[in-house]
Structure formats: C-alpha cells, structure tokens
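Notes follow the structure.
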2 protein chains.
Amino acid sequence: MTKLVLDITTTLDGFVAGPNQTLEQPLGAGGERIHEWVYGLVSWRESHGLAGGESNPDDEMVAASRAEAGAVLMGRRMFSGGAGPWTDDANANGWWGDDPPYDVPVFVLTHHEREPLAMQGKTAFTFVTDGVESGCAQARAAAGERDVLLAGGANVAQQFLRAGLVDEVQLHIAPLLLGDGVRLFDGLGDDLPTLEATRVIESPTITHIRYRVVR
Amino acid sequence: MTKLVLDITTTLDGFVAGPNQTLEQPLGAGGERIHEWVYGLVSWRESHGLAGGESNPDDEMVAASRAEAGAVLMGRRMFSGGAGPWTDDANANGWWGDDPPYDVPVFVLTHHEREPLAMQGKTAFTFVTDGVESGCAQARAAAGERDVLLAGGANVAQQFLRAGLVDEVQLHIAPLLLGDGVRLFDGLGDDLPTLEATRVIESPTITHIRYRVVR
C-alpha cells in the first residue's frame, strides 16, 4: 500500500537548514554541511548523472528509498532553490537542471499557478496550488503501488504533519550541531503525532531512523 | 582512561524537559514521558530498590552504563528536583530519598555551598560551587579508572559542552514530540563541537546513539 514517507536529513540539534536563507544560500548558512553525507554515494551520484562514488549502508538505504518512491512531494523553495516567485519563462525550472535526479512525477506545493513541466528523464513537475490534501492525493495517485516521498523542506513537512498525512518519517540524523537554523519539528501545534521507531540503520557518518506515525 | 560521558534522554524534537518547570513538576509539563522508557527496566528498578522489570537491549545498555560509571555529575535542579535553594536542614537531601540510585560519588554543581552529604548505599553528594572545571576534576579523581557520567540537566550539560569538557555523548532518543520545553543543545555559542557516532543500539521503544566529541 502506498505510504507517504517524510524523508529528510536533520542535524542532531534539529535543524534541516541553516539560518539566513538567501537566494545565494538556499540551505542557509552552513546548511550544505547537513547533506554532505549523501553527495559521495553511488546512488546519489548516479541519479545526478555522475559516475563513481561510495557504496556502503548509507548508499543501499538511499538506493532502496529511490526504488520505493513512485512520486515525490516538495515545497516551492526546494523546487526553485531560494529564488523568488518564478516567471513562466521556460528556463525557470528550478535548480535541478534539465535532467532532475527524481525520475518520477514530482509535485511542488506552491502559491503560484504554473503549467506542468516535463523534464529530461522521467521527472515531471506538477505545481499544486490547492493545498496539502490535494498534493497528497495527486502524488498518491501518481505513485501507484509505490511510496510517496515527501522531500521537504521544513515548512511543507510541517504542513503535512499538521494535516495528519504522513505515514512514516525517515530521519537521517547527521552528527552535527548547527546552533541555529530552520527546525524540522516546529509549529506543529498541540496535536502532536505519536511515533514508533521501526528500523535503525547505523553507519560511520550518519544514523537513519525510520518511524511509523501512530494514528 | 576516564571519559566524561554526557548521558541524557531527549525527545525527537530535542527536548530534555517539558515547559513550565515548577516545584511540583521539575521535569516540566509532559516531561515525565521523556523518561518513561527507563522506569520498567530491571537495572533501573534494582537501583531504585524495586524488584522485577524487563530485561532487553535497553536494560543491558543501562546496566553497562551504571557499571562503567565511577562518579556522577549533575546540576542542582536535578539533585533537588524543582525545589528552591535548600537550607542546611539535614532532611533537604534532594528528591533521591535516603538511598539514592547512584552508589558512587555524585558531584552537584550549584551556587549554594553545603557540606558533603553521605547517603545510604555508596552514594555521597559533594557540592561544587567553583564551576565546571572544578566539578570535572573532582569527579574524574573520584571515578578512578571508570567513567564520569554527566546526568544533566540541560543547563549543566551546556556548561560542560561549552567548556569542552565532554568526551562522549550518550543520547537516548525517545520517539516523542513534545513541541515545547528545555532544549539540550541550546546556547552553545559559535564554537560548536564536532561529533562522530560510534555506537547505535536499537530497541522498540528508544534509540541509543553514542557520539565521540572530536577535539
């Protein structure tokens, strides 16, 4: 059965991006460090058109997550980097380049209406302006039997958590302290979900904990 | 070689106590839930003079930590619960009862001078008023070849982290979201330590990650 999986990397002090996000620094000050663990992996490099890389438990986990994902959900900032509202210019296709690494339908939560955007490979961006329930329904329909991967950022993750739409949380906990930035679990209100750890994968660089959201 | 190990339970959203700590509620609103994982374990119950309990990977981990600890460090609030500055009344011996669960020398960081307090069992409280370096030195001397366990709370943990006195962090990550409360990794300034995960222990109720602080 299709599950909606929030899949995101957090620092040990709970940040998914650094402070002071700008156009030039969409992940905020120091935010690139949060994701450093993934850049050298075979599966990540392959999906970005790069050869080589390291194969280890992290890589196997990333490859499995990719294989399980039939659709991806993300926020507008994650689609376009820190850039402001895009124009309808055909070149304004986010920071993922002509051949984005997803190879599945991607649904972008945004306030700005826009026609769907088919990219090279199997990635196609659909822009969802009528809220998380609609985004969830569209992504689930597109995913078929596979999972929907909610990739971030924090704001969209929080909207989905508040709406009770997240089935599992796949948290990659980087052994990093950032001190300041954008927190993943912020502004969730009083009706907080109960979680249950279902799988832990240990590696020298990062700890992956998978949680089931208990309704 | 003696290591100083910060050993503390945190929620997934980074809290080691709930909000609104009071005399009646020293762990803050909802804070008791953070530590629920430990109350049923054989090793915890035994140290509190209680029979029975569950034996599982969590219990083995707690038993091993106890066996490795030659001395304990804690803050004044953890010693006395949420109570205000104590008097020299011989009965004002904190919330740990006459036979505290430590059975090793315990050094309490405080602003209030007080004579050492020998309890039943092997627990003896020494009150340290001249700062974390002094507390660290005294606890290390008392620990012999064993480790010094820094038990919390957040304020004292942060003082030790800022002073660069922590060798390892043993984090018990409860699958809980609290939404508000006292954060463990707060106010550490700009000179943040680098960490490296050295051991992960998985259980159905909680995830234990041990980090080495890289100097």
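Going by the structure tokens order, chains are called A, B, ..., each with residues numbered from 1, while ligands are numbered from 1 in the order shown.
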
(request) Identify, on the basis of only C-alpha atoms, every residue whose closest approach to Pro101 (chain A) does not exceed 7 Å; exclude the query and any residue fewer than 2 positions from it along the same chain; express the result as number ranges by chain. (result) A: 47-48, 99, 103

Since we have the selection now, will you write its residues out, keeping N, CA and C atoms, as a tab-separated table (two decimals), in the first residue's frame?
```
chain	number	residue	atom	x	y	z
A	47	SER	N	22.10	9.27	-9.79
A	47	SER	CA	20.87	9.99	-10.09
A	47	SER	C	21.15	11.42	-10.55
A	48	HIS	N	22.35	11.91	-10.25
A	48	HIS	CA	22.75	13.25	-10.70
A	48	HIS	C	23.67	13.18	-11.91
A	99	ASP	N	17.82	17.68	-16.30
A	99	ASP	CA	17.58	16.25	-16.06
A	99	ASP	C	17.60	16.01	-14.55
A	103	ASP	N	13.31	11.25	-11.57
A	103	ASP	CA	12.85	10.19	-12.49
A	103	ASP	C	11.47	9.64	-12.14
```

Using only C-alpha atoms, find each residue in chain B having at least one atom no more than 6 Å away from chain A; report its shortest atom-to-atom pair and that distance in Å (one decimal), rows by chain then rising number, as CSV.
```
residue,atom,partner,partner_atom,distance
B:Asp13,CA,A:Phe185,CA,5.8
B:Pro175,CA,A:Leu195,CA,5.4
B:Phe185,CA,A:Asp13,CA,5.8
B:Leu195,CA,A:Pro175,CA,5.4
B:Glu196,CA,A:Pro175,CA,5.9
```

Can you tell me, as a compact mmCIF listing (two decimals) with N, CA and C atoms, in the first residue's frame, what residues are no more than 10 Å from Arg33 (chain B) when counting only C-alpha atoms, ignoring any on the same chain fewer than 3 positions away?
```
# COMPACT_ATOMS: atom_id res chain seq x y z
N THR B 11 13.85 14.07 23.51
CA THR B 11 12.78 13.77 22.56
C THR B 11 13.33 13.94 21.15
N ALA B 17 13.40 18.29 28.85
CA ALA B 17 12.37 18.53 29.86
C ALA B 17 11.25 19.30 29.18
N GLY B 18 10.07 19.22 29.77
CA GLY B 18 8.95 19.96 29.21
C GLY B 18 8.99 21.43 29.61
N LEU B 27 10.27 18.24 35.94
CA LEU B 27 10.61 17.90 34.55
C LEU B 27 9.74 18.67 33.56
N ALA B 29 6.00 20.33 32.03
CA ALA B 29 4.76 19.70 31.56
C ALA B 29 5.07 18.61 30.55
N GLY B 30 4.61 17.41 30.87
CA GLY B 30 4.82 16.29 29.95
C GLY B 30 6.22 15.69 30.01
N GLU B 36 10.04 7.70 30.37
CA GLU B 36 9.21 6.51 30.57
C GLU B 36 9.91 5.21 30.18
N TRP B 37 10.76 5.28 29.16
CA TRP B 37 11.41 4.07 28.64
C TRP B 37 12.23 3.35 29.71
N ALA B 174 14.11 9.44 22.40
CA ALA B 174 12.75 8.91 22.57
C ALA B 174 11.90 9.32 21.37
N LEU B 176 9.35 10.69 20.60
CA LEU B 176 8.33 11.58 21.15
C LEU B 176 8.50 12.97 20.57
N LEU B 178 7.48 16.74 21.76
CA LEU B 178 6.96 17.45 22.93
C LEU B 178 6.45 18.84 22.54
```

(request) Kindly give the distance, in Å, that separates CA of Ile8 (chain B) and CA of Ala151 (chain B), rounded to a single decimal. (result)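 Taking CA of Ile8 (chain B) as the start and CA of Ala151 (chain B) as the end point, the length is 6.1 Å.
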
(message) Please identify the strand (DSSP E) residues within region 34-201 of chain A (assignment by DSSP from backbone atoms) and present them as a PyMOL selection string.
(response) chain A and resi 69-75+105-109+117-118+124-128+147-150+168-174+182-183+194-201

(request) Considering only C-alpha atoms, state which residue in the set A:Pro26, A:Pro100, A:Gly144, A:Gly53 is at the smallest distance from Ala124 (chain A). (result)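 Comparing A:Pro26, A:Pro100, A:Gly144, A:Gly53 against Ala124 (chain A), the winner is A:Pro100.
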
(message) Considering only helix (DSSP H, G or I) as DSSP defines it on the backbone, what residues of chain B qualify? List them as number ranges by chain.
(response) B: 31-39, 42-47, 57-68, 76-80, 132-143, 154-162

(request) For region 54-63 of chain A, work out the shell of residues within 6 Å, counting only C-alpha atoms and skipping chain neighbours fewer than 6 positions away, then give it as a PyMOL selection string. (result) chain A and resi 40-43

(request) May I ask for the distance between CA of Val132 (chain B) and CA of Met119 (chain B), given in Å to one decimal place? (result)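 It comes out at 23.4 Å.
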
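Of the residues under consideration (A:Gly52, A:Gly75, A:Gly135, A:Pro116), A:Gly75 shows the shortest atom-to-atom contact distance to Gly153 (chain A) when counting only C-alpha atoms.
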
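The interatomic distance for the pair CA of Gln25 (chain A) and CA of Arg76 (chain A) works out to 15.2 Å.
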
(message) Let me make sure I understand: among B:Leu6, B:Thr126, B:Arg146, B:Ser65, which one has the smallest atom-to-atom distance to Gln158 (chain B) if we use only C-alpha atoms?
(response) B:Leu6

Selection: 7 Å around Ala143 (chain B), only C-alpha atoms, excl. self and same-chain fewer than 4 positions, as a compact mmCIF listing (two decimals) with C-alpha atoms, in the first residue's frame:
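Produced file part.txt, reproduced below:
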```txt
# COMPACT_ATOMS: atom_id res chain seq x y z
CA GLY B 70 32.73 5.69 38.76
CA ALA B 71 31.24 9.09 39.53
CA ALA B 139 34.57 13.77 39.57
CA ASP B 147 33.90 6.99 33.57
CA VAL B 148 32.29 10.14 34.82
```
